[in-house]
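*Asks:* Below is a structure I'd like to ask you about.
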Amino acid sequence: MSEPLFQLEGATVRYDAGEGVGPVDLTIAAGSTTVLLGTSGAGKSTLLRLLNGLVSPSRGRVLFRNVPPSPKDRLEMGYVVQGGGLFPHLTSAENVALMARWLGWEPERTDARLHALAELVRVPFDTLARYPMQLSGGQAQRVGLMRALMLDAPVLLLDEPLGALDPITRFDLQHDLRDAFQKLGKTVVLVTHDLGEAAFFGGTVVLLRGGLVVQKGALEELIRSPADPFVTRFVQAQSGAA
C-alpha cells in the first residue's frame with residue numbers, strides 16, 4: 001500500500017457564520033485519486049484548502065508528508081480553483097507560465113513545457129496567445145489545468161474543475177482529465193457535487209455533510225452499504241430515484 005501523503009487528524013475549521021469543516025480524520029495515499037463529494041456548503045472546498053495550507057485548522061492538524069504543510073510545499077501542489085481563476089490581464093500562456101517565470105525558468109524550458117502541456121490537454125498552441133475573456137469555457141478550464149500542471153507537481157487539487165460547462169464539453173474534458181491522471185500518475189483530490197463524475201473518476205469517495213465525513217470508500221460501497229439515511233437520499237437524488 002502507498003505511503004500516506006496527507007493526514008488529517010481531528011482537523012477543524014470554523015468561520016464566523018458557523019460554517020466550516022470538522023473534526024475530520026482522513027488519510028490520502030500517494031498516487032491515489034480521492035473525490036470529495038457532497039452538496040453545496042458541505043465543506044468540500046474548505047477541506048481542499050486545508051490540504052494545501054491556504055486554511056489552517058483551528059483544532060487538530062493537517063500533515064503533508066508527516067509535517068504541517070508550509071508555503072514551499074504548495075509548489076508541489078497544482079491547484080485548480082472554481083471557474084479556473086485565470087488572471088484577465090495576462091494571456092493564457094502568461095497565466096500558465098506564471099510560477100515558472102517567478103522561479104526563474106529559462107525561456108526555452110518554459111516554451112517546451114507549454115508545448116507539451118498544450119498537447120496533453122488538447123489545446124491548439126496558438127490559443128495560448130489569447131486572453132481569458134477570448135476563451136470558451138472549455139478552453140479556459142483546460143488552460144487552468146495546464147497552469148496546475150506547469151511545474152509537474154506530484155499533487156493535483158481540483159475544485160470543481162468542470163463546473164458550469166455544457167454537457168458535451170464536460171464529457172470531452174472528463175475523458176481528457178482521466179487520461180491525463182492515468183498517464184501522469186499524480187495524487188489527485190477532486191471536488192464535485194456530481195455522483196456521476198465521482199463514478200467516472202473512480203478512486204476513493206469521501207461524502208461530506210455539514211463539514212463532517214459521512215462515509216468514505218469506493219462509490220459502490222456507498223450505494224450498496226450506506227452508512228446512514230443521508231447517504232441513501234444523496235444517491236437517490238443524484239440517480240433520479242424516488
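Please note that chains go A, B, ... in the order of the C-alpha cells, that every chain numbers its residues from 1, and that ligands are numbered from 1 in the order shown.
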Using only C-alpha atoms, I'd like a table of the residues in segment 44-108 of chain A that come within 12 Å of segment 25-39 of chain A; for each, show the closest atom pair and its distance in Å rounded to one decimal, ordered by chain and ascending number, as a tab-separated table.
*Replies:*
residue	atom	partner	partner_atom	distance
A:Lys44	CA	A:Leu36	CA	6.0
A:Ser45	CA	A:Leu36	CA	8.7
A:Thr46	CA	A:Leu36	CA	10.7
A:Leu47	CA	A:Leu36	CA	8.6
A:Leu48	CA	A:Leu36	CA	8.5
A:Leu50	CA	A:Leu26	CA	11.7
A:Leu51	CA	A:Ile28	CA	10.1
A:Arg59	CA	A:Asp25	CA	11.9
A:Gly60	CA	A:Asp25	CA	9.2
A:Arg61	CA	A:Asp25	CA	9.4
A:Val62	CA	A:Leu26	CA	9.3
A:Leu63	CA	A:Thr27	CA	9.5
A:Phe64	CA	A:Ile28	CA	9.7
A:Arg65	CA	A:Ala30	CA	9.5
A:Asn66	CA	A:Thr27	CA	11.1
*Asks:* As a PyMOL selection string, which residues of segment 9-225 of chain A does DSSP assign to alpha helix (DSSP H)?
*Replies:* chain A and resi 44-51+92-96+98-102+107-120+137-149+167-184+195-201+219-224
*Asks:* As a list in words, please: every residue in segment 62-125 of chain A that DSSP puts in strand (DSSP E).
*Replies:*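 Selection result, strand (DSSP E) within segment 62-125 of chain A: Val62, Leu63, Phe64, Met77, Gly78, Tyr79 and Val80 of chain A.
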*Asks:* Just how far from atom CA of Val67 of chain A is atom CA of Gly85 of chain A, in Å to one decimal?
*Replies:*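 It comes out at 28.5 Å.
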*Asks:* Pick out the residues sitting within 7 Å of Pro161 of chain A, and hand them over as a list in words; count only C-alpha atoms, and ignore anything fewer than 6 positions along from it in its own chain.
*Replies:*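 Final neighbour list, sorted by chain and number: Val80, Gln82 and Gln141 of chain A.
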*Asks:* Taking N, CA and C atoms for each residue, export the selection above as a PDB file, in the first residue's frame.
*Replies:*
ATOM      1  N   VAL A  80      -6.372  23.910  -8.957  1.00  0.00           N
ATOM      2  CA  VAL A  80      -7.337  24.491  -9.888  1.00  0.00           C
ATOM      3  C   VAL A  80      -8.539  24.951  -9.079  1.00  0.00           C
ATOM      4  N   GLN A  82     -12.284  26.981  -8.490  1.00  0.00           N
ATOM      5  CA  GLN A  82     -13.555  27.012  -9.206  1.00  0.00           C
ATOM      6  C   GLN A  82     -13.545  28.119 -10.246  1.00  0.00           C
ATOM      7  N   GLN A 141     -10.995  26.142 -18.898  1.00  0.00           N
ATOM      8  CA  GLN A 141     -10.768  25.059 -17.942  1.00  0.00           C
ATOM      9  C   GLN A 141      -9.478  24.307 -18.277  1.00  0.00           C
TER      10      GLN A 141
END
*Asks:* Write out as a list in words each polymer residue whose atoms come within 12 Å of Ile168 of chain A, counting only C-alpha atoms; drop sequence neighbours fewer than 5 positions from it.
*Replies:* Gly137, Gly138, Leu162, Leu173, Gln174 and His175 of chain A
*Asks:* Convert the current residue selection to file output with N, CA and C atoms, as an mmCIF file, in the first residue's frame.
*Replies:*
data_model
loop_
_atom_site.group_PDB
_atom_site.id
_atom_site.type_symbol
_atom_site.label_atom_id
_atom_site.label_comp_id
_atom_site.auth_asym_id
_atom_site.auth_seq_id
_atom_site.Cartn_x
_atom_site.Cartn_y
_atom_site.Cartn_z
ATOM 1 N N GLY A 137 -15.535 28.367 -22.432
ATOM 2 C CA GLY A 137 -15.481 27.788 -21.091
ATOM 3 C C GLY A 137 -14.564 26.575 -21.028
ATOM 4 N N GLY A 138 -14.690 25.702 -22.024
ATOM 5 C CA GLY A 138 -13.842 24.514 -22.049
ATOM 6 C C GLY A 138 -12.374 24.849 -22.213
ATOM 7 N N LEU A 162 -14.812 21.114 -13.618
ATOM 8 C CA LEU A 162 -15.684 21.014 -14.783
ATOM 9 C C LEU A 162 -17.026 21.704 -14.559
ATOM 10 N N LEU A 173 -13.962 16.826 -21.680
ATOM 11 C CA LEU A 173 -12.912 17.193 -20.741
ATOM 12 C C LEU A 173 -12.766 16.153 -19.635
ATOM 13 N N GLN A 174 -13.862 15.522 -19.238
ATOM 14 C CA GLN A 174 -13.775 14.429 -18.263
ATOM 15 C C GLN A 174 -12.845 13.329 -18.769
ATOM 16 N N HIS A 175 -13.023 12.929 -20.021
ATOM 17 C CA HIS A 175 -12.182 11.874 -20.589
ATOM 18 C C HIS A 175 -10.727 12.317 -20.684
#
*Asks:* Using only C-alpha atoms, determine which residues lie at most 8 Å from Leu98 of chain A, disregarding the query and same-chain residues fewer than 4 positions distant; provide the list as a list in words.
*Replies:*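 Those residues are Glu94, Trp102 and Arg147 of chain A.
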*Asks:* Write the selection just made, keeping N, CA and C atoms, as an mmCIF file, in the first residue's frame?
*Replies:*
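Heads up, here's the output in part_15.cif:
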data_model
loop_
_atom_site.group_PDB
_atom_site.id
_atom_site.type_symbol
_atom_site.label_atom_id
_atom_site.label_comp_id
_atom_site.auth_asym_id
_atom_site.auth_seq_id
_atom_site.Cartn_x
_atom_site.Cartn_y
_atom_site.Cartn_z
ATOM 1 N N GLU A 94 0.820 33.323 -20.484
ATOM 2 C CA GLU A 94 1.375 34.003 -19.310
ATOM 3 C C GLU A 94 0.744 33.485 -18.024
ATOM 4 N N TRP A 102 8.291 33.098 -12.195
ATOM 5 C CA TRP A 102 8.670 33.530 -10.852
ATOM 6 C C TRP A 102 9.862 32.728 -10.326
ATOM 7 N N ARG A 147 -2.003 25.302 -16.121
ATOM 8 C CA ARG A 147 -1.298 26.081 -15.090
ATOM 9 C C ARG A 147 -1.003 25.211 -13.868
#
*Asks:* Restricting the calculation to only C-alpha atoms: of A:Gly104, A:Leu145, A:Arg14, A:Val205, which residue gets closest to Leu158 of chain A?
*Replies:* A:Leu145
*Asks:* Measuring atom to atom with only C-alpha atoms, identify which of A:Ala97, A:Val206, A:Ala227, A:Leu195 is nearest to Val24 of chain A.
*Replies:*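 Result for the nearest residue to Val24 of chain A: A:Val206.
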